[in-house]
Amino acid sequence: MKVLIVRFSSIGDIVLTTPVIRCLKQQIPGIQVHYLTKASFRAVVAHNPYIDKLHYLEDDLDKVIADLKKENYDYVFDLHHNIRTLRVKKALGVDSFSFPKLNIRKWILVNLRIKSIMPDESIVERYFQTLKLLGIKNDGYGLDYFIPESANLKNNDIPMSHWAGYVGCVIGGSMNTKKLPVDKWREFLSITQYPVILLGGPEDRDEGQKIAEGFGMRVYNSCGKFNLNESAWLVRHAKVVISNDTGLMHIAAAYHKPLISLWGNTSPEMGMFPYYGTNDLKSKPEPLSLILENKSLWCHPCSKIGYNKCPKGHFKCMKNLDMIHLSEKVKKFWNFPQPLKTD
């Protein structure tokens with residue numbers, strides 16, 4: 001059997017498909033698993049041992065489709081479900097299945113604030129529903145993230161003050177309303193005394209500098225200094241991770257790290273909360289994961305994706321998060337035994 005899984009973007013969404021990939025490969029003897037994603041997310045999947053062949057979309061979807069037609073797939077599993085994946089499925093002409101995006105329910109959640117409309121389970125469970133024809137079961141081991149040896153950092157890549165342990169703070173995000181403001185990060189840093197590494201891409205470097213200013217070597221701004229897999233290595237070796245709703249949050253969950261996630265205008269009720277294998281939002285919370293969210297705010301959530309600035313102008317969903325509470329939880333998590341899952 002040969003199958004194609006399609007998920008074009010983005011980092012976190014792709015990482016959330018990894019339990020399906022692993023279970024396919026381990027539970028169906030001889031299956032060939034191919035994966036189609038954007039070339040810009042190559043690093044997320046390139047070292048996954050459960051994928052037999054990778055296909056990358058750059059600019060020319062027609063060329064990608066022509067290459068895919070040569071593979072003679074038995075099934076296509078669309079875990080993205082948009083216009084481009086519709087073109088892929090139509091062109092290949094084999095049995096295909098698309099995961100339920102629940103867009104109407106998300107609209108009700110965002111516009112009417114009826115949180116009970118969404119299931120408590122992770123989006124991972126909806127991915128598995130898409131493949132129910134094959135009879136695979138969720139093994140409960142959670143997410144995967146694999147990095148190459150070339151991404152393994154050494155002690156001299158970070159300050160000596162951080163060698164014994166640090167808090168990894170993921171300050172980036174795809175939209176501004178998903179990011180804790182600079183002054184809130186500085187408030188947290190003025191309370192906690194642990195060494196901190198700020199994590200993000202080149203686009204976060206300037207904000208990282210503003211956050212770190214005045215804290216000396218205790219706060220190391222790594223934003224833009226390391227690529228994605230090197231940043232994943234830093235997440236993997238952190239004692240505790242604090243993260244906005246962004247890709248490195250899911251990578252932290254893949255390594256079963258103690259994790260505190262910060263939620264602005266989006267909501268974990270949409271199914272994108274940190275997933276450790278069996279946890280949901282209510283009946284089976286994950287003891288290693290704490291969600292900080294301003295649930296009492298009448299206008300929250302206001303988007304399923306995010307905005308460049310708060311539509312109401314106050315941004316209370318992030319500005320009202322309690323940094324004292326955050327620092328207390330970091331202290332509690334700091335002493336947790338480190339997880340056994342490191343690959």
# chains A, B, ... in the order shown; residues from 1 in each chain; ligands from 1
>>> select_by_dssp(residues="region 89-329 of chain A", states="strand (DSSP E or B)", output="VMD selection string")
chain A and resid 95 to 98 167 to 170 196 to 199 219 to 221 240 to 244 259 to 263 289 to 293
>>> residues_around(residues="region 27-31 of chain A", least_positions_apart="4", cutoff="10 Å", atoms="only C-alpha atoms", output="MDAnalysis selection string")
chainID A and resid 1:3 22:23 52 134:137 139
>>> write_last_selection(atoms="N, CA and C atoms", output="PDB file, in the first residue's frame")
ATOM      1  N   MET A   1       0.840  -1.189   0.000  1.00  0.00           N
ATOM      2  CA  MET A   1       0.000   0.000   0.000  1.00  0.00           C
ATOM      3  C   MET A   1       0.876   1.240   0.000  1.00  0.00           C
ATOM      4  N   LYS A   2       0.470   2.233  -0.810  1.00  0.00           N
ATOM      5  CA  LYS A   2       1.179   3.509  -0.860  1.00  0.00           C
ATOM      6  C   LYS A   2       0.169   4.627  -0.638  1.00  0.00           C
ATOM      7  N   VAL A   3       0.481   5.505   0.332  1.00  0.00           N
ATOM      8  CA  VAL A   3      -0.442   6.593   0.659  1.00  0.00           C
ATOM      9  C   VAL A   3       0.297   7.916   0.632  1.00  0.00           C
ATOM     10  N   ARG A  22       3.477   8.112  12.242  1.00  0.00           N
ATOM     11  CA  ARG A  22       4.112   7.024  13.007  1.00  0.00           C
ATOM     12  C   ARG A  22       3.205   5.796  13.084  1.00  0.00           C
ATOM     13  N   CYS A  23       1.938   6.011  13.380  1.00  0.00           N
ATOM     14  CA  CYS A  23       1.021   4.883  13.536  1.00  0.00           C
ATOM     15  C   CYS A  23       0.761   4.180  12.208  1.00  0.00           C
ATOM     16  N   ASP A  52       8.604   7.727   4.005  1.00  0.00           N
ATOM     17  CA  ASP A  52       9.421   7.068   2.983  1.00  0.00           C
ATOM     18  C   ASP A  52       9.862   8.027   1.876  1.00  0.00           C
ATOM     19  N   LEU A 134      -8.411   2.812   7.315  1.00  0.00           N
ATOM     20  CA  LEU A 134      -7.274   1.899   7.417  1.00  0.00           C
ATOM     21  C   LEU A 134      -7.202   1.208   8.770  1.00  0.00           C
ATOM     22  N   GLY A 135      -8.047   1.617   9.695  1.00  0.00           N
ATOM     23  CA  GLY A 135      -8.126   0.936  10.982  1.00  0.00           C
ATOM     24  C   GLY A 135      -6.971   1.198  11.926  1.00  0.00           C
ATOM     25  N   ILE A 136      -6.179   2.239  11.688  1.00  0.00           N
ATOM     26  CA  ILE A 136      -5.070   2.513  12.598  1.00  0.00           C
ATOM     27  C   ILE A 136      -5.589   3.172  13.868  1.00  0.00           C
ATOM     28  N   LYS A 137      -4.880   2.946  14.962  1.00  0.00           N
ATOM     29  CA  LYS A 137      -5.262   3.473  16.262  1.00  0.00           C
ATOM     30  C   LYS A 137      -4.180   4.421  16.782  1.00  0.00           C
ATOM     31  N   ASP A 139      -1.624   5.518  19.197  1.00  0.00           N
ATOM     32  CA  ASP A 139      -0.845   4.762  20.179  1.00  0.00           C
ATOM     33  C   ASP A 139      -0.616   5.522  21.487  1.00  0.00           C
TER      34      ASP A 139
END
>>> residues_around(residues="region 221-229 of chain A", least_positions_apart="6", cutoff="9 Å", atoms="only C-alpha atoms", output="ChimeraX atom specification")
/A:43-44,146-148,151-152,158,171-172,196-209,211-212,248
>>> write_last_selection(atoms="N, CA and C atoms", output="compact mmCIF listing (two decimals), in the first residue's frame")
# COMPACT_ATOMS: atom_id res chain seq x y z
N ALA A 43 12.52 21.53 6.91
CA ALA A 43 13.23 21.15 8.14
C ALA A 43 12.34 20.41 9.13
N VAL A 44 11.04 20.65 9.06
CA VAL A 44 10.11 20.04 10.02
C VAL A 44 9.95 18.54 9.78
N PHE A 146 12.09 15.28 14.97
CA PHE A 146 13.43 14.72 14.77
C PHE A 146 14.36 15.78 14.21
N ILE A 147 15.53 15.90 14.82
CA ILE A 147 16.52 16.85 14.32
C ILE A 147 17.80 16.09 13.94
N PRO A 148 18.54 16.61 12.97
CA PRO A 148 19.78 15.94 12.54
C PRO A 148 20.90 16.22 13.54
N ALA A 151 22.39 19.68 13.98
CA ALA A 151 21.68 20.71 14.75
C ALA A 151 21.97 20.63 16.24
N ASN A 152 22.72 19.62 16.66
CA ASN A 152 23.04 19.49 18.08
C ASN A 152 24.06 20.56 18.48
N ILE A 158 26.00 28.63 23.92
CA ILE A 158 25.18 29.43 24.83
C ILE A 158 26.05 29.86 26.02
N ILE A 171 9.22 33.79 22.16
CA ILE A 171 8.60 35.11 22.12
C ILE A 171 7.93 35.41 20.78
N GLY A 172 8.16 34.58 19.76
CA GLY A 172 7.62 34.85 18.44
C GLY A 172 6.18 34.39 18.28
N VAL A 196 17.46 32.45 31.43
CA VAL A 196 16.43 32.43 30.39
C VAL A 196 17.09 32.51 29.02
N ILE A 197 16.57 31.73 28.06
CA ILE A 197 16.95 31.88 26.66
C ILE A 197 15.70 32.29 25.88
N LEU A 198 15.78 33.43 25.20
CA LEU A 198 14.68 33.89 24.35
C LEU A 198 14.80 33.21 23.00
N LEU A 199 13.69 32.64 22.53
CA LEU A 199 13.68 31.86 21.30
C LEU A 199 12.76 32.50 20.26
N GLY A 200 13.25 32.56 19.03
CA GLY A 200 12.46 33.10 17.94
C GLY A 200 13.30 33.20 16.69
N GLY A 201 12.71 33.67 15.61
CA GLY A 201 13.41 33.80 14.34
C GLY A 201 14.07 35.16 14.19
N PRO A 202 14.68 35.41 13.04
CA PRO A 202 15.32 36.71 12.78
C PRO A 202 14.35 37.88 12.95
N GLU A 203 13.07 37.65 12.64
CA GLU A 203 12.08 38.71 12.75
C GLU A 203 11.80 39.10 14.21
N ASP A 204 12.24 38.25 15.16
CA ASP A 204 12.01 38.51 16.58
C ASP A 204 13.25 39.09 17.27
N ARG A 205 14.34 39.28 16.52
CA ARG A 205 15.61 39.68 17.13
C ARG A 205 15.50 41.01 17.87
N ASP A 206 14.89 42.01 17.24
CA ASP A 206 14.82 43.33 17.86
C ASP A 206 13.96 43.31 19.12
N GLU A 207 12.83 42.61 19.05
CA GLU A 207 12.00 42.52 20.26
C GLU A 207 12.74 41.76 21.35
N GLY A 208 13.48 40.73 20.97
CA GLY A 208 14.26 39.99 21.93
C GLY A 208 15.28 40.88 22.63
N GLN A 209 15.88 41.79 21.86
CA GLN A 209 16.87 42.71 22.44
C GLN A 209 16.20 43.64 23.45
N ILE A 211 13.51 42.97 25.18
CA ILE A 211 13.14 42.18 26.34
C ILE A 211 14.34 41.92 27.24
N ALA A 212 15.49 41.63 26.62
CA ALA A 212 16.67 41.23 27.39
C ALA A 212 17.42 42.41 28.00
N LEU A 248 7.07 26.27 17.98
CA LEU A 248 7.96 25.71 19.00
C LEU A 248 7.20 25.22 20.22
>>> residues_around(residues="region 103-110 of chain A", least_positions_apart="2", cutoff="10 Å", atoms="only C-alpha atoms", output="ChimeraX atom specification")
/A:100-101,112-119,265-267,269-270,299-304
>>> closest_residue(among="A:Ser289, A:Ser261, A:Gln193, A:Gln129", to="Leu321 (chain A)", atoms="only C-alpha atoms")
A:Ser261
>>> closest_residue(among="A:Tyr307, A:Phe41, A:Tyr35, A:Phe97", to="Lys132 (chain A)", atoms="only C-alpha atoms")
A:Phe97
>>> closest_residue(among="A:Ile5, A:Val167, A:Leu290, A:Ala46", to="His34 (chain A)", atoms="only C-alpha atoms")
A:Ile5
